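So the structure is just underneath, and the comments pick up after that.
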Amino acid sequence: MLRVKSPQDLGAGLLFIFIGCVGLYFGKDLTYGSARAMGPGFFPIWLSWIINFMGAVCLVRSVTLEGDPIATIPIRPILWVSVGVLLFGYLIEHVRLELALLTLAVVATQSRRQTDLTQKIVAGFAILFGIAIIATRVQTFAFLKPFGDAVFGVSQWICLALFAIYALLTWGERDARQTVILSVCMSIAAVTIFVVLLGQAMPTYTADYIAPVFSKIGSIFSSIRGR
Amino acid sequence: MDFNVFSNLMTGFVAAGTFQNIGFAMLGCMVGTLIGVLPGIGPIPTLAMLLPITFGLDPLSSLIMMAGIYYGAQYGGSTTSILVNMPGESSSVVTCIDGHQMARRGRAGSALAIAALGSFFAGCVGTIFIAGFGPPLASFAQKFNSPDYFSLMVLGLVTAVILAQGSVLKAVTVIIIGLLFGLVGTDVNSGATRYTFGISSLWDGIDFLPMVIGMFGLVEIIRNLEQESIERNPISTKLRDLWPNRQELKEASPSVLRGTALGSLLGILPGGGAVLAAFAAYTVEKKVVRNPSFAFGKGAIQGVAGPEAANNAAAQTSFIPLLTLGLPSNPIMAIMMGAMMIQGIQPGSAVMTSNPDLFWGLVASMWIGNLMLVIINLPLIGMWVKLLQVPYRLLYPAIIMFCCIGVYSSNSEPSQLLIMVFFAAFGYILMRFGCEPAPMVLGFILGPLMEENLRRSMVLSRGDPMIFMQRPISATLLALTACVVLLIVLPSFRKTREVAFQE
Amino acid sequence: MKITRRELVAGIPALAAANGLGLSPVFAQEAADAYPSREVKFICAFPAGSGADVYVRYFAERMRPVMKRTIVVENRAGANGNIATTYTARAKPDGYTVYVHAPSALAANMHLFKNPPVDVVKELQVAATINRQPFMLTVHADSPVKTINELVEVLRKKGDKASYGTTAPTSKVAAAWFNKVFGIKPVEIAYKTAGDTMNDMKSGALDYCMHDPVHAVAQSNNGALRMLGVTTKGRMKALPNLPSLHEQGVTDLDVPGWWAAMVPKDTPKPIVDKLNKLWREVIDSEETRQFMAKFGADTWSASPEEAQAEFAKDVRAWGDYIKLANIEPQG
């Protein structure tokens with residue numbers, strides 16, 4: 001009877017064969033060409049077959065040689081880090097850099113043990129935006145689009161509220177308080193370095209609202225002095 | 001070697017040694033170190049953004065500043081690789097393997113110091129190479145045609161197998177998967193889009209930065225977070241413990257020499273030259289060093305010293321094609337070329353005769369820049385190591401924040417973050433199945449180059465594969481490849497047999 | 001930067017308008033007088049640090065004193081320029097998002113892709129033209145070939161053993177045209193960048209190349225390449241001694257690349273005209289002419305209407321070019 005002696009090899013073999021098959025399936029429409037005039041499909045199809053072959057060898061090995069077990073995959077850090085990063089990407093266009101960063105910090109810190117309440121609030125927030133993103137991006141859910149637009153329309157207030165609630169709820173704990181303070185400092189530092197020093201073109205509140213105020217004050221001063 | 005080299009170098013030091021130029025070198029190195037240390041932002045966008053500033057400067061000063069940014073970023077990239085396992089660019093991927101392990105062992109200071117000193121030494125040698133052998137080296141690089149490049153890539157990929165610690169089979173497959181990932185995007189020959197799944201931001205291929213930050217940086221964070229309390233070896237910030245001890249210095253010195261030689265040679269080749277240098281140096285170290293105090297992959301100092309030296313030597317000699325032939329060997333050189341042309345200087349062999357001050361001044365400034373990097377960075381080591389004492393629960397949100405901004409800002413494109421998350425997940429799964437990501441990066445970088453050169457060679461030979469054996473350079477490289485394959489296969493065969501016998 | 005009080009007051013309606021109230025015709029002229037009243041964004045369709053990016057940044061730097069405003073270059077690279085094109089077409093039509101790119105390449109994109117994301121002539125308005133830059137037919141400097149006739153003779157003799165290098169759609173088209181006129185069939189070898197062709201040219205593997213002007217001029221000054229002709233009908237002002245391919249028997253070959261500043265189609269006419277006037281100040285200067293000459297290009301200034309007509313003509317012409325060069329449209 002076949003017994004899996006090396007689970008890691010089994011996993012790797014299945015993963016390799018999966019990638020090889022994806023390569024073959026999506027490469028099937030590419031022109032193969034000939035050795036003399038190789039088409040765009042020549043190299044990828046060969047590579048995919050080699051990957052499949054290697055995957056098969058891995059599978060054979062998994063039942064013949066003893067190997068290491070697969071360690072458990074913790075869901076929490078992967079989930080929250082990914083959700084935080086993805087939300088950052090979608091939010092930066094809607095709520096500018098500063099708030100997107102604060103949101104990212106709040107969501108990413110969920111990957112460590114937190115109180116139940118904050119975790120639920122943050123999860124609710126993530127689900128709300130997840131639906132909004134799907135509603136605005138995916139054709140099939142176009143009927144939800146007004147809802148998505150509405151969420152993104154007030155997204156800056158939602159983010160601000162989330163950060164405020166998070167700060168209030170966790171203010172009692174030293175660790176969480178430090179995180180809150182640090183994330184505010186980090187977003188100020190990030191804007192200073194990337195936008196002010198390096199001149200990157202990124203949507204920021206600083207550039208949109210604060211800088212014009214400063215330049216107006218400056219110009220009023222200079223016009224007074226000019227007189 | 002030309003006898004005038006020393007008098008020429010003197011001209012150079014006079015030109016580069018003015019107060020103003022040293023100031024610009026200093027500024028460049030500082031900006032470079034800063035952007036190198038910030039995860040997610042590379043030297044290329046920074047140079048592009050600073051380009052307008054250089055319009056107003058005189059040509060030598062502007063080139064000196066840009067060169068300074070380039071080295072500074074190279075060095076800063078190694079710093080993040082060692083401290084948080086986050087390579088800033090392709091060549092520092094290798095530094096992660098042992099550098100970060102040293103940091104986990106509490107020897108971050110030593111790793112950083114070795115990287116700085118090794119880079120400085122390599123930089124000095126690289127400068128002498130440019131001054132003494134620039135033109136002959138360039139004409140050697142010109143002899144490389146498509147078939148030769150293909151064979152070089154094959155050699156590079158085969159040596160990458162040695163990088164991995166685990167099974168050879170998995171390492172080979174991971175490299176090939178890297179090759180496949182490298183092919184995503186628009187095909188040069190036909191314009192066909194491959195594996196883009198209808199996502200328009202994939203049409204130009206997968207970006208390097210989100211990929212490595214996902215696969216190395218984020219995976220490292222996730223790995224650290226899965227442990228309830230993150231334990232680190234106690235880090236001492238006493239000066240004595242920050243420096244490499246005598247044993248470490250003794251072990252690292254020969255590695256630096258070997259790395260420098262490899263890097264200087266491979267750096268002149270356009271395309272993957274500099275990346276190959278770092279990977280090849282690691283491979284050489286792993287095969288040459290018999291009894292390291294710490295195994296490779298577990299924090300061997302040779303695994304930091306060799307690649308770091310190679311990487312910096314290659315950074316120096318990659319100037320050779322630009323200065324002698326007017327051909328940029330990487331995107332950074334292309335920006336330098338743009339800067340020179342805007343200043344009204346035609347890059348190429350004529351620079352040496354028409355603007356000797358500029359040419360030799362730039363060469364001299366490379367040495368000055370390297371010296372400055374050591375001066376800036378050695379005192380900073382203490383600070384970096386202190387940074388590691390910040391509790392991880394505070395450090396990691398900050399790292400994620402900077403990664404996200406950097407990745408987003410490179411193209412103002414949220415989909416880059418999607419790619420980053422995809423590779424984080426992919427890298428994590430690979431790790432769980434006992435595969436290592438470093439060889440995949442080399443495959444990813446060399447994949448498109450390899451395919452391009454293979455297809456081109458076959459068209460040139462009208463479909464005759466013998467073209468790879470008929471050309472002397474290509475045949476030599478393939479013979480070397482065969483030797484490396486034997487080196488890999490023999491020991492692993494033996495091991496398999498042992499295992500089989502035991503059963 | 002100094003902002004006078006008058007400018008500040010004049011800027012208020014423009015600011016209000018730009019903030020989403022929309023431009024009524026009455027305000028359009030006033031807004032144009034005040035334009036630009038805030039930061040202007042130049043969109044570049046290439047990654048930071050590429051040759052084209054250097055170009056865009058150069059103009060951003062030269063336009064800054066003319067516009068008297070900060071100019072930020074935003075790189076939206078990818079999909080052969082389609083990402084930046086879509087982005088610009090959907091931007092607010094207020095003149096503060098300016099796309100600096102080659103309309104000739106956008107025209108080619110309309111046919112290179114099965115489903116181009118935007119109809120460029122309908123959704124973009126050329127505000128100002130920048131330059132014309134033809135491709136160049138080059139041979140290696142060591143090659144004995146000195147004229148087109150000699151080259152054709154060599155290619156005929158070698159038959160299908162001859163090879164040529166191309167680097168971009170324009171270069172493919174020009175070379176295909178050249179081969180068709182003389183009825184020769186050398187084998188095409190595609191390269192990613194012009195620099196990659198150099199080693200194969202030196203070894204004699206490539207008989208000729210269609211190079212972009214930046215590379216061709218730089219390497220011919222360097223003594224590595226010899227230029228035999230340009231792909232425009234007339235000669236260039238920057239290189240009056242270099243004959244065109246048209247005069248050397250490649251009849252009617254005229255595929256110039258050209259660069260322009262473009263804005264979304266609905267941008268009010270007064271603002272387009274103001275932009276045109278501002279750009280001309282830079283384009284018509286002697287400094288810009290010399291800068292362009294170094295890159296193998298002629299400056300070119302035209303009215304928005306002329307430029308838009310040229311744009312539409314290019315889009316039509318590329319339909320035929322693609323068929324000629326046998327390029328398969330992609331989706």
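Ordered as shown in the structure tokens, chains take letters A, B, and onward, while each chain numbers its residues from 1 and ligands are numbered from 1 in the order shown.
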
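Non-sequential neighbours of Gly42 of chain B (distance at most 10 Å, separation of 6 or more positions within a chain, only C-alpha atoms) are Gly32, Ile35, Gly36, Tyr70, Ala73, Gln74, Gly76, Gly77, Gly88, Glu89, Leu209, Gly406, Val407 and Ser410 of chain B.
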
Worksheet item: If you count only C-alpha atoms, which residues fall within 8 Å of Pro203 of chain A, apart from same-chain ones fewer than 4 positions away, as a ChimeraX atom specification?
Response: /A:92-93,96-97,207-208

Write out the residues from the selection above, keeping N, CA and C atoms, as a PDB file, in the first residue's frame.
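So selection.pdb came out as:
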ATOM      1  N   ILE A  92      -5.657  54.018  -0.989  1.00  0.00           N
ATOM      2  CA  ILE A  92      -4.778  55.175  -1.188  1.00  0.00           C
ATOM      3  C   ILE A  92      -5.344  56.125  -2.237  1.00  0.00           C
ATOM      4  N   GLU A  93      -6.084  55.596  -3.207  1.00  0.00           N
ATOM      5  CA  GLU A  93      -6.648  56.467  -4.229  1.00  0.00           C
ATOM      6  C   GLU A  93      -7.848  57.252  -3.680  1.00  0.00           C
ATOM      7  N   ARG A  96      -6.251  59.053   0.357  1.00  0.00           N
ATOM      8  CA  ARG A  96      -4.904  59.627   0.443  1.00  0.00           C
ATOM      9  C   ARG A  96      -3.999  58.786   1.354  1.00  0.00           C
ATOM     10  N   LEU A  97      -2.722  59.161   1.241  1.00  0.00           N
ATOM     11  CA  LEU A  97      -1.680  58.376   1.885  1.00  0.00           C
ATOM     12  C   LEU A  97      -1.803  58.264   3.409  1.00  0.00           C
ATOM     13  N   ALA A 207      -0.347  67.571   0.782  1.00  0.00           N
ATOM     14  CA  ALA A 207      -0.165  68.329  -0.450  1.00  0.00           C
ATOM     15  C   ALA A 207      -1.466  69.033  -0.836  1.00  0.00           C
ATOM     16  N   ASP A 208      -2.623  68.386  -0.554  1.00  0.00           N
ATOM     17  CA  ASP A 208      -3.880  68.929  -1.048  1.00  0.00           C
ATOM     18  C   ASP A 208      -4.414  70.068  -0.185  1.00  0.00           C
TER      19      ASP A 208
END

Worksheet item: Got a sec to pull out which chain C residues are within 9 Å of chain B, counting only C-alpha atoms, and send them as a VMD selection string?
Response: chain C and resid 47 to 51 53 to 55 57 to 58 60 to 61 73 to 80 82 to 83 112 161 163 167 to 168 187 to 192 195 to 196 198 to 200 202 to 203 205 to 206 218 to 219 221 to 224 291 294 to 295 327 to 331

Worksheet item: Within 9 Å of Asp175 of chain A, counting only C-alpha atoms, which residues qualify if same-chain residues fewer than 5 places away don't, as a PyMOL selection string?
Response: (chain A and resi 170+180) or (chain B and resi 393-394)
